[in-house]
Protein chains: 4
Amino acid sequence: MGIAVIYGSSRKNGNSEQLAKRLTNGFDADPIFLADYRIEPIQDYRHSEKEPYPEDDYRSVIERVLAQDVLVFTTPIYWYGASGLTKTFIDRWSQSLREDRDRFLAKLSSKSAWVIGIGDDEPHLKGLPLVQQFQYIFEYTGTRFEGYILGKANRPGDILEDQAALAAVEQIRSQWRGASVNG
Amino acid sequence: MGIAVIYGSSRKNGNSEQLAKRLTNGFDADPIFLADYRIEPIQDYRHSEKEPYPEDDYRSVIERVLAQDVLVFTTPIYWYGASGLTKTFIDRWSQSLREDRDRFLAKLSSKSAWVIGIGDDEPHLKGLPLVQQFQYIFEYTGTRFEGYILGKANRPGDILEDQAALAAVEQIRSQWRGASVNG
Amino acid sequence: MGIAVIYGSSRKNGNSEQLAKRLTNGFDADPIFLADYRIEPIQDYRHSEKEPYPEDDYRSVIERVLAQDVLVFTTPIYWYGASGLTKTFIDRWSQSLREDRDRFLAKLSSKSAWVIGIGDDEPHLKGLPLVQQFQYIFEYTGTRFEGYILGKANRPGDILEDQAALAAVEQIRSQWRGASVNG
Amino acid sequence: MGIAVIYGSSRKNGNSEQLAKRLTNGFDADPIFLADYRIEPIQDYRHSEKEPYPEDDYRSVIERVLAQDVLVFTTPIYWYGASGLTKTFIDRWSQSLREDRDRFLAKLSSKSAWVIGIGDDEPHLKGLPLVQQFQYIFEYTGTRFEGYILGKANRPGDILEDQAALAAVEQIRSQWRGASVNG
């Protein structure tokens with residue numbers, strides 16, 4: 001079981017990253033820090049002559065995502081949603097749909113996904129629109145939305161005090177260990 | 001009454017733009033096409049020495065927004081949320097909060113806001129997480145969230161066939177005309 | 001085209017009723033006032049010997065609903081959801097699923113539905129969980145969820161001042177007139 | 001710390017009850033089975049001469065609720081919402097608002113609340129409108145909404161296999177034990 005961890009924070013070693021590392025520690029995981037790559041906003045070519053898409057890092061990043069079995073979207077909750085880095089990356093999926101729809105959906109529909117969102121302002125409630133947005137995204141791609149962790153943190157390291165988030169991490173790790181043995 | 005129309009589409013003359021133009025036609029509106037400007041993702045400096053923010057177009061764009069009385073966020077629904085351009089712009093509000101929190105919130109809390117989201121896949125239902133996200137955003141900034149239009153369109157011009165969206169546009173225009181006379 | 005209007009208010013001539021009457025005036029509509037009938041809470045017999053269901057008015061009411069083509073759920077927003085009368089009625093659908101699942105779903109899946117929810121506390125935002133709940137209900141039954149009106153009112157008659165709600169009513173009536181001619 | 005557990009199921013020993021008992025075992029809890037009482041639908045007297053409210057069990061039940069420090073709403077997820085029994089009980093809070101608004105809100109605003117919802121059809125996603133409805137309810141009453149557990153179960157006892165729900169239970173119990181010692 002290989003895991004693509006898609007980090008949407010602009011800074012390193014933030015709370016969302018710390019929780020995702022605790023979640024994936026010891027598993028076969030490819031950490032993808034979106035902030036390390038140049039990924040332009042989607043160009044909407046649906047109704048025009050198809051022009052070339054940006055020659056940036058999108059294609060190499062999405063291939064790393066598609067190569068794994070499990071997706072863990074890991075984002076700070078900025079303004080009650082996924083970070084702009086995360087959203088801009090997902091918007092580019094429309095490019096993949098145009099370039100090779102069948103392969104793209106076939107790959108995504110065989111994966112399972114988790115979402116980690118860490119925020120400071122009542123994340124277990126005000127993070128729910130973020131969860132519902134991912135719900136529709138995964139429904140469209142046919143990806144199995146296994147679950148989510150909405151954790152509370154502000155200062156670096158706070159997340160390691162969020163006992164509910166830590167319990168959720170342990171529960172997922174147990175589930176993954178079972179999958180590794182049985183799967 | 002001045003209106004800032006914040007366009008989040010990557011292309012010109014799309015459905016969301018067409019509806020917003022119909023909404024604001026004849027009113028004093030400043031059209032702001034985010035795609036025309038360079039706005040970098042937010043740098044999260046909350047817990048570090050404050051480093052310089054990107055010298056891009058953010059500050060001039062946000063000042064144009066703050067100069068108006070009414071905000072109309074106009075975005076295609078990409079992947080069940082606001083476009084990456086829109087989200088990246090809003091993420092940068094965290095910079096304004098750091099640079100001049102009191103002025104920023106004082107200005108936003110005196111405004112009213114509308115959201116237009118146009119999509120193809122059951123927007124009146126699957127666009128609701130987008131609405132709820134803006135609900136929390138405006139709750140935080142103290143902006144009065146007047147309403148939203150979730151319109152259905154795919155091909156260019158489709159939106160002008162969405163009778164419910166057009167009726168909503170006319171109703172808001174009537175409200176604005178009353179405000180201009182009375183306000 | 002026949003319309004079942006399912007009224008969930010405990011009082012007559014309230015705002016939700018006034019709006020629904022304006023919506024359905026001149027169409028072939030069966031007004032069903034849940035408050036006029038005795039409908040007990042569901043008994044959960046899923047995992048027990050099936051005992052008799054209450055001999056109350058549920059079966060006759062649901063048959064009137066199933067006899068029409070279009071459903072209009074009309075409820076005041078009580079505590080940010082459909083009224084207890086409305087919810088208790090829908091809970092009893094589990095009885096219909098047990099008694100004659102195939103017929104029940106076949107009938108509901110051929111219908112279209114609208115929801116009217118009228119409230120006083122920011123209904124266009126705080127009424128959204130109610131809409132989302134109906135979204136899942138109709139997804140389960142295969143009913144086409146055409147749309148909803150979230151209107152604002154407190155004192156009797158207020159709803160007739162809600163211009164957005166009235167515009168939505170007119171738009172649906174136009175749609176229905178087209179359907180009657182073409183359908 | 002006293003806990004009012006408000007059970008909204010129509011049957012005894014169901015999954016939601018089993019989880020709530022595991023949660024509250026060993027704590028000072030008053031189990032309130034709504035199905036054991038006669039609680040009529042709310043009469044909406046807001047705009048009429050106040051007539052007598054039903055002489056049923058509502059007043060005695062709500063007093064037991066108000067007497068405790070912590071509320072645990074425990075309901076099966078019926079049709080993607082709280083059970084009709086639960087909703088009908090909450091609707092009656094409007095009676096308490098009319099009869100003694102200040103005392104009612106003063107009491108509720110000093111409490112903290114948890115919600116347990118158990119369902120079979122993707123409860124961690126399709127139970128979210130239920131959570132959001134309680135979010136608005138508690139926002140109105142000033143009650144601190146501590147958290148929720150959305151568990152998955154169908155047949156009796158299934159819930160004891162839901163490892164995520166069990167982990168959440170243990171985490172809340174730890175939190176309560178800390179509160180009992182420190183509080």
# chains A, B, ... in the order shown; residues from 1 in each chain; ligands from 1
>>> residues_around(residues="B:Glu55", least_positions_apart="4", cutoff="12 Å", atoms="only C-alpha atoms", output="MDAnalysis selection string")
chainID B and resid 37:42 51 59:60
>>> closest_atom_pairs(of="chain A", to="chain B", cutoff="8 Å", atoms="only C-alpha atoms", output="CSV")
residue,atom,partner,partner_atom,distance
A:Ser10,CA,B:Gln43,CA,5.7
A:Arg11,CA,B:Asp44,CA,6.2
A:Pro41,CA,B:Gly84,CA,6.4
A:Ile42,CA,B:Ser10,CA,7.0
A:Gln43,CA,B:Ser10,CA,5.7
A:Asp44,CA,B:Ser10,CA,6.1
A:His47,CA,B:Arg155,CA,6.7
A:Tyr78,CA,B:Asp91,CA,6.3
A:Trp79,CA,B:Ile137,CA,6.0
A:Tyr80,CA,B:Gln133,CA,5.7
A:Gly81,CA,B:Gln133,CA,6.7
A:Ser83,CA,B:Asp91,CA,7.3
A:Gly84,CA,B:Thr88,CA,4.4
A:Leu85,CA,B:Pro41,CA,6.7
A:Lys87,CA,B:Gly84,CA,5.2
A:Thr88,CA,B:Gly84,CA,4.4
A:Ile90,CA,B:Trp79,CA,7.4
A:Asp91,CA,B:Tyr78,CA,6.3
A:Lys126,CA,B:Tyr136,CA,7.2
A:Pro129,CA,B:Pro129,CA,4.6
A:Leu130,CA,B:Pro129,CA,7.1
A:Gln132,CA,B:Pro129,CA,6.2
A:Gln133,CA,B:Tyr80,CA,5.7
A:Tyr136,CA,B:Tyr80,CA,6.7
A:Ile137,CA,B:Trp79,CA,6.0
A:Arg155,CA,B:His47,CA,6.7
A:Pro156,CA,B:His47,CA,7.2
>>> residues_around(residues="B:Arg177", least_positions_apart="5", cutoff="12 Å", atoms="only C-alpha atoms", output="NGL selection string")
:B and (1 or 23-28 or 170-172 or 182-183)
>>> write_last_selection(atoms="N, CA, C and O atoms", output="tab-separated table (two decimals), in the first residue's frame")
chain	number	residue	atom	x	y	z
B	1	MET	N	-23.52	54.12	-4.19
B	1	MET	CA	-23.18	52.73	-3.93
B	1	MET	C	-22.23	52.20	-5.00
B	1	MET	O	-22.59	52.12	-6.17
B	23	LEU	N	-26.04	41.58	-13.85
B	23	LEU	CA	-26.42	42.04	-12.51
B	23	LEU	C	-26.01	43.49	-12.29
B	23	LEU	O	-26.77	44.30	-11.74
B	24	THR	N	-24.82	43.85	-12.74
B	24	THR	CA	-24.25	45.15	-12.35
B	24	THR	C	-24.41	46.20	-13.44
B	24	THR	O	-24.05	47.37	-13.22
B	25	ASN	N	-24.96	45.83	-14.58
B	25	ASN	CA	-25.10	46.76	-15.70
B	25	ASN	C	-25.86	48.02	-15.28
B	25	ASN	O	-26.99	47.94	-14.79
B	26	GLY	N	-25.23	49.17	-15.49
B	26	GLY	CA	-25.88	50.43	-15.15
B	26	GLY	C	-25.56	50.92	-13.75
B	26	GLY	O	-25.88	52.06	-13.41
B	27	PHE	N	-24.95	50.06	-12.95
B	27	PHE	CA	-24.52	50.49	-11.62
B	27	PHE	C	-23.04	50.87	-11.68
B	27	PHE	O	-22.33	50.54	-12.64
B	28	ASP	N	-22.60	51.54	-10.65
B	28	ASP	CA	-21.21	51.98	-10.56
B	28	ASP	C	-20.37	50.80	-10.08
B	28	ASP	O	-20.33	50.50	-8.88
B	170	GLU	N	-32.65	39.96	-11.38
B	170	GLU	CA	-33.59	41.09	-11.42
B	170	GLU	C	-34.01	41.51	-10.02
B	170	GLU	O	-34.16	42.70	-9.74
B	171	GLN	N	-34.16	40.55	-9.14
B	171	GLN	CA	-34.60	40.86	-7.78
B	171	GLN	C	-33.52	41.66	-7.05
B	171	GLN	O	-33.82	42.62	-6.35
B	172	ILE	N	-32.25	41.30	-7.25
B	172	ILE	CA	-31.16	42.03	-6.59
B	172	ILE	C	-31.06	43.44	-7.18
B	172	ILE	O	-30.85	44.42	-6.46
B	182	ASN	N	-32.84	55.37	-1.69
B	182	ASN	CA	-33.02	55.63	-0.26
B	182	ASN	C	-31.71	55.84	0.48
B	182	ASN	O	-31.69	56.44	1.54
B	183	GLY	N	-30.64	55.27	-0.04
B	183	GLY	CA	-29.42	55.15	0.78
B	183	GLY	C	-28.57	56.41	0.71
B	183	GLY	O	-28.88	57.37	0.03
>>> residues_around(residues="C:Ile118", least_positions_apart="3", cutoff="6 Å", atoms="only C-alpha atoms", output="list of chain:residue names")
C:Ser16, C:Pro76, C:Ile77, C:Leu150, C:Gly151, C:Lys152
>>> atom_distance(atom1="atom CA of D:Ile32", atom2="atom CA of D:Ile6")
5.0 Å
>>> select_by_dssp(residues="stretch 24-70 of chain C", states="alpha helix (DSSP H)", output="list in words")
Thr24, Tyr58, Arg59, Ser60, Val61, Ile62, Glu63, Arg64, Val65 and Leu66 of chain C
>>> residues_around(residues="stretch 2-5 of chain D", least_positions_apart="6", cutoff="7 Å", atoms="only C-alpha atoms", output="PDB file with N, CA, C and O atoms, in the first residue's frame")
ATOM      1  N   ASP D  28     -21.932  10.171  36.190  1.00  0.00           N
ATOM      2  CA  ASP D  28     -23.240  10.483  36.754  1.00  0.00           C
ATOM      3  C   ASP D  28     -24.165  10.920  35.619  1.00  0.00           C
ATOM      4  O   ASP D  28     -24.123  12.073  35.187  1.00  0.00           O
ATOM      5  N   ALA D  29     -24.962   9.987  35.123  1.00  0.00           N
ATOM      6  CA  ALA D  29     -25.767  10.264  33.931  1.00  0.00           C
ATOM      7  C   ALA D  29     -27.231   9.955  34.181  1.00  0.00           C
ATOM      8  O   ALA D  29     -27.570   8.959  34.829  1.00  0.00           O
ATOM      9  N   ASP D  30     -28.097  10.805  33.665  1.00  0.00           N
ATOM     10  CA  ASP D  30     -29.535  10.579  33.715  1.00  0.00           C
ATOM     11  C   ASP D  30     -29.995  10.173  32.313  1.00  0.00           C
ATOM     12  O   ASP D  30     -30.032  11.004  31.397  1.00  0.00           O
ATOM     13  N   PRO D  31     -30.326   8.916  32.121  1.00  0.00           N
ATOM     14  CA  PRO D  31     -30.757   8.474  30.785  1.00  0.00           C
ATOM     15  C   PRO D  31     -32.219   8.834  30.550  1.00  0.00           C
ATOM     16  O   PRO D  31     -33.094   8.439  31.326  1.00  0.00           O
ATOM     17  N   ILE D  32     -32.482   9.583  29.494  1.00  0.00           N
ATOM     18  CA  ILE D  32     -33.840  10.043  29.186  1.00  0.00           C
ATOM     19  C   ILE D  32     -34.252   9.450  27.845  1.00  0.00           C
ATOM     20  O   ILE D  32     -33.737   9.855  26.799  1.00  0.00           O
ATOM     21  N   VAL D  65     -33.450  17.638  31.758  1.00  0.00           N
ATOM     22  CA  VAL D  65     -32.343  18.053  30.885  1.00  0.00           C
ATOM     23  C   VAL D  65     -31.630  19.268  31.469  1.00  0.00           C
ATOM     24  O   VAL D  65     -30.392  19.312  31.558  1.00  0.00           O
ATOM     25  N   GLN D  68     -28.879  19.111  34.392  1.00  0.00           N
ATOM     26  CA  GLN D  68     -27.535  18.544  34.236  1.00  0.00           C
ATOM     27  C   GLN D  68     -26.571  19.556  33.620  1.00  0.00           C
ATOM     28  O   GLN D  68     -26.978  20.592  33.102  1.00  0.00           O
ATOM     29  N   ASP D  69     -25.288  19.209  33.657  1.00  0.00           N
ATOM     30  CA  ASP D  69     -24.247  20.113  33.145  1.00  0.00           C
ATOM     31  C   ASP D  69     -23.911  19.843  31.682  1.00  0.00           C
ATOM     32  O   ASP D  69     -23.480  20.735  30.955  1.00  0.00           O
ATOM     33  N   VAL D  70     -24.058  18.602  31.306  1.00  0.00           N
ATOM     34  CA  VAL D  70     -23.625  18.165  29.975  1.00  0.00           C
ATOM     35  C   VAL D  70     -24.791  17.483  29.288  1.00  0.00           C
ATOM     36  O   VAL D  70     -25.525  16.711  29.924  1.00  0.00           O
ATOM     37  N   LEU D  71     -25.001  17.784  28.013  1.00  0.00           N
ATOM     38  CA  LEU D  71     -26.049  17.130  27.229  1.00  0.00           C
ATOM     39  C   LEU D  71     -25.405  16.200  26.209  1.00  0.00           C
ATOM     40  O   LEU D  71     -24.451  16.594  25.535  1.00  0.00           O
ATOM     41  N   VAL D  72     -25.943  15.002  26.113  1.00  0.00           N
ATOM     42  CA  VAL D  72     -25.507  14.085  25.052  1.00  0.00           C
ATOM     43  C   VAL D  72     -26.750  13.690  24.258  1.00  0.00           C
ATOM     44  O   VAL D  72     -27.534  12.840  24.710  1.00  0.00           O
ATOM     45  N   PHE D  73     -26.929  14.321  23.123  1.00  0.00           N
ATOM     46  CA  PHE D  73     -28.027  13.927  22.242  1.00  0.00           C
ATOM     47  C   PHE D  73     -27.616  12.658  21.502  1.00  0.00           C
ATOM     48  O   PHE D  73     -26.580  12.641  20.829  1.00  0.00           O
ATOM     49  N   THR D  74     -28.434  11.645  21.642  1.00  0.00           N
ATOM     50  CA  THR D  74     -28.105  10.328  21.107  1.00  0.00           C
ATOM     51  C   THR D  74     -29.240   9.888  20.212  1.00  0.00           C
ATOM     52  O   THR D  74     -30.337   9.620  20.698  1.00  0.00           O
TER      53      THR D  74
END
>>> residues_around(residues="C:Lys107", least_positions_apart="2", cutoff="10 Å", atoms="only C-alpha atoms", output="list in words")
Val65, Leu66, Ala67, Gln68, Asp69, Asp102, Arg103, Phe104, Leu105, Ser109, Ser110, Lys111, Thr141, Gly142 and Thr143 of chain C
>>> closest_residue(among="C:Ile149, C:Glu139, C:Glu17, C:Gln175", to="C:Leu125", atoms="only C-alpha atoms")
C:Ile149
>>> atom_distance(atom1="atom CA of D:Gly157", atom2="atom CA of A:Val115")
28.3 Å
>>> atom_distance(atom1="atom CA of A:Leu166", atom2="atom CA of A:Ile62")
28.8 Å
>>> select_by_dssp(residues="chain C", states="strand (DSSP E or B)", output="ChimeraX atom specification")
/C:2-7,28-33,70-76,78,81,112-119,144-152
>>> decode(residues="stretch 142-172 of chain B", atoms="N, CA and C atoms", output="PDB file, in the first residue's frame")
ATOM      1  N   GLY B 142     -17.001  40.208   9.412  1.00  0.00           N
ATOM      2  CA  GLY B 142     -18.104  41.085   9.770  1.00  0.00           C
ATOM      3  C   GLY B 142     -18.846  41.663   8.573  1.00  0.00           C
ATOM      4  N   THR B 143     -18.598  41.094   7.419  1.00  0.00           N
ATOM      5  CA  THR B 143     -19.277  41.543   6.201  1.00  0.00           C
ATOM      6  C   THR B 143     -20.691  40.957   6.147  1.00  0.00           C
ATOM      7  N   ARG B 144     -21.626  41.766   5.706  1.00  0.00           N
ATOM      8  CA  ARG B 144     -23.010  41.309   5.634  1.00  0.00           C
ATOM      9  C   ARG B 144     -23.193  40.471   4.371  1.00  0.00           C
ATOM     10  N   PHE B 145     -23.523  39.194   4.556  1.00  0.00           N
ATOM     11  CA  PHE B 145     -23.662  38.274   3.418  1.00  0.00           C
ATOM     12  C   PHE B 145     -25.114  38.354   2.946  1.00  0.00           C
ATOM     13  N   GLU B 146     -25.320  39.156   1.915  1.00  0.00           N
ATOM     14  CA  GLU B 146     -26.687  39.453   1.479  1.00  0.00           C
ATOM     15  C   GLU B 146     -27.354  38.277   0.776  1.00  0.00           C
ATOM     16  N   GLY B 147     -26.576  37.571  -0.026  1.00  0.00           N
ATOM     17  CA  GLY B 147     -27.194  36.477  -0.761  1.00  0.00           C
ATOM     18  C   GLY B 147     -26.274  35.898  -1.787  1.00  0.00           C
ATOM     19  N   TYR B 148     -26.781  34.942  -2.519  1.00  0.00           N
ATOM     20  CA  TYR B 148     -25.962  34.221  -3.491  1.00  0.00           C
ATOM     21  C   TYR B 148     -26.856  33.770  -4.637  1.00  0.00           C
ATOM     22  N   ILE B 149     -26.220  33.565  -5.767  1.00  0.00           N
ATOM     23  CA  ILE B 149     -26.901  32.950  -6.905  1.00  0.00           C
ATOM     24  C   ILE B 149     -26.067  31.758  -7.339  1.00  0.00           C
ATOM     25  N   LEU B 150     -26.676  30.601  -7.332  1.00  0.00           N
ATOM     26  CA  LEU B 150     -26.015  29.406  -7.850  1.00  0.00           C
ATOM     27  C   LEU B 150     -26.660  29.088  -9.193  1.00  0.00           C
ATOM     28  N   GLY B 151     -25.967  29.372 -10.267  1.00  0.00           N
ATOM     29  CA  GLY B 151     -26.531  29.208 -11.596  1.00  0.00           C
ATOM     30  C   GLY B 151     -25.979  27.998 -12.308  1.00  0.00           C
ATOM     31  N   LYS B 152     -26.740  27.536 -13.280  1.00  0.00           N
ATOM     32  CA  LYS B 152     -26.353  26.326 -14.012  1.00  0.00           C
ATOM     33  C   LYS B 152     -25.965  26.674 -15.437  1.00  0.00           C
ATOM     34  N   ALA B 153     -24.766  26.278 -15.820  1.00  0.00           N
ATOM     35  CA  ALA B 153     -24.318  26.539 -17.185  1.00  0.00           C
ATOM     36  C   ALA B 153     -23.114  25.676 -17.481  1.00  0.00           C
ATOM     37  N   ASN B 154     -22.940  25.365 -18.728  1.00  0.00           N
ATOM     38  CA  ASN B 154     -21.745  24.669 -19.169  1.00  0.00           C
ATOM     39  C   ASN B 154     -21.163  25.430 -20.352  1.00  0.00           C
ATOM     40  N   ARG B 155     -21.835  25.397 -21.488  1.00  0.00           N
ATOM     41  CA  ARG B 155     -21.317  26.090 -22.668  1.00  0.00           C
ATOM     42  C   ARG B 155     -21.532  27.591 -22.550  1.00  0.00           C
ATOM     43  N   PRO B 156     -20.675  28.372 -23.180  1.00  0.00           N
ATOM     44  CA  PRO B 156     -20.802  29.831 -23.073  1.00  0.00           C
ATOM     45  C   PRO B 156     -22.198  30.289 -23.467  1.00  0.00           C
ATOM     46  N   GLY B 157     -22.773  31.127 -22.633  1.00  0.00           N
ATOM     47  CA  GLY B 157     -24.097  31.661 -22.906  1.00  0.00           C
ATOM     48  C   GLY B 157     -25.213  30.884 -22.257  1.00  0.00           C
ATOM     49  N   ASP B 158     -24.915  29.660 -21.817  1.00  0.00           N
ATOM     50  CA  ASP B 158     -25.948  28.850 -21.169  1.00  0.00           C
ATOM     51  C   ASP B 158     -26.647  29.598 -20.045  1.00  0.00           C
ATOM     52  N   ILE B 159     -25.884  30.389 -19.328  1.00  0.00           N
ATOM     53  CA  ILE B 159     -26.432  30.998 -18.110  1.00  0.00           C
ATOM     54  C   ILE B 159     -27.613  31.903 -18.436  1.00  0.00           C
ATOM     55  N   LEU B 160     -27.646  32.419 -19.656  1.00  0.00           N
ATOM     56  CA  LEU B 160     -28.745  33.313 -20.006  1.00  0.00           C
ATOM     57  C   LEU B 160     -30.039  32.538 -20.269  1.00  0.00           C
ATOM     58  N   GLU B 161     -29.962  31.210 -20.175  1.00  0.00           N
ATOM     59  CA  GLU B 161     -31.155  30.358 -20.244  1.00  0.00           C
ATOM     60  C   GLU B 161     -31.619  29.923 -18.857  1.00  0.00           C
ATOM     61  N   ASP B 162     -30.841  30.238 -17.831  1.00  0.00           N
ATOM     62  CA  ASP B 162     -31.186  29.802 -16.474  1.00  0.00           C
ATOM     63  C   ASP B 162     -32.160  30.814 -15.876  1.00  0.00           C
ATOM     64  N   GLN B 163     -33.455  30.500 -16.013  1.00  0.00           N
ATOM     65  CA  GLN B 163     -34.478  31.478 -15.639  1.00  0.00           C
ATOM     66  C   GLN B 163     -34.443  31.812 -14.145  1.00  0.00           C
ATOM     67  N   ALA B 164     -34.103  30.834 -13.328  1.00  0.00           N
ATOM     68  CA  ALA B 164     -34.059  31.117 -11.892  1.00  0.00           C
ATOM     69  C   ALA B 164     -32.934  32.102 -11.586  1.00  0.00           C
ATOM     70  N   ALA B 165     -31.797  31.924 -12.242  1.00  0.00           N
ATOM     71  CA  ALA B 165     -30.680  32.846 -12.021  1.00  0.00           C
ATOM     72  C   ALA B 165     -31.041  34.250 -12.514  1.00  0.00           C
ATOM     73  N   LEU B 166     -31.698  34.311 -13.655  1.00  0.00           N
ATOM     74  CA  LEU B 166     -32.073  35.625 -14.191  1.00  0.00           C
ATOM     75  C   LEU B 166     -33.089  36.317 -13.282  1.00  0.00           C
ATOM     76  N   ALA B 167     -34.027  35.544 -12.748  1.00  0.00           N
ATOM     77  CA  ALA B 167     -35.004  36.133 -11.829  1.00  0.00           C
ATOM     78  C   ALA B 167     -34.302  36.658 -10.580  1.00  0.00           C
ATOM     79  N   ALA B 168     -33.314  35.926 -10.092  1.00  0.00           N
ATOM     80  CA  ALA B 168     -32.578  36.367  -8.905  1.00  0.00           C
ATOM     81  C   ALA B 168     -31.816  37.659  -9.213  1.00  0.00           C
ATOM     82  N   VAL B 169     -31.240  37.734 -10.414  1.00  0.00           N
ATOM     83  CA  VAL B 169     -30.530  38.952 -10.822  1.00  0.00           C
ATOM     84  C   VAL B 169     -31.474  40.152 -10.800  1.00  0.00           C
ATOM     85  N   GLU B 170     -32.649  39.964 -11.378  1.00  0.00           N
ATOM     86  CA  GLU B 170     -33.588  41.091 -11.420  1.00  0.00           C
ATOM     87  C   GLU B 170     -34.005  41.513 -10.024  1.00  0.00           C
ATOM     88  N   GLN B 171     -34.165  40.546  -9.144  1.00  0.00           N
ATOM     89  CA  GLN B 171     -34.600  40.859  -7.780  1.00  0.00           C
ATOM     90  C   GLN B 171     -33.516  41.665  -7.052  1.00  0.00           C
ATOM     91  N   ILE B 172     -32.255  41.298  -7.254  1.00  0.00           N
ATOM     92  CA  ILE B 172     -31.161  42.034  -6.595  1.00  0.00           C
ATOM     93  C   ILE B 172     -31.057  43.442  -7.180  1.00  0.00           C
TER      94      ILE B 172
END
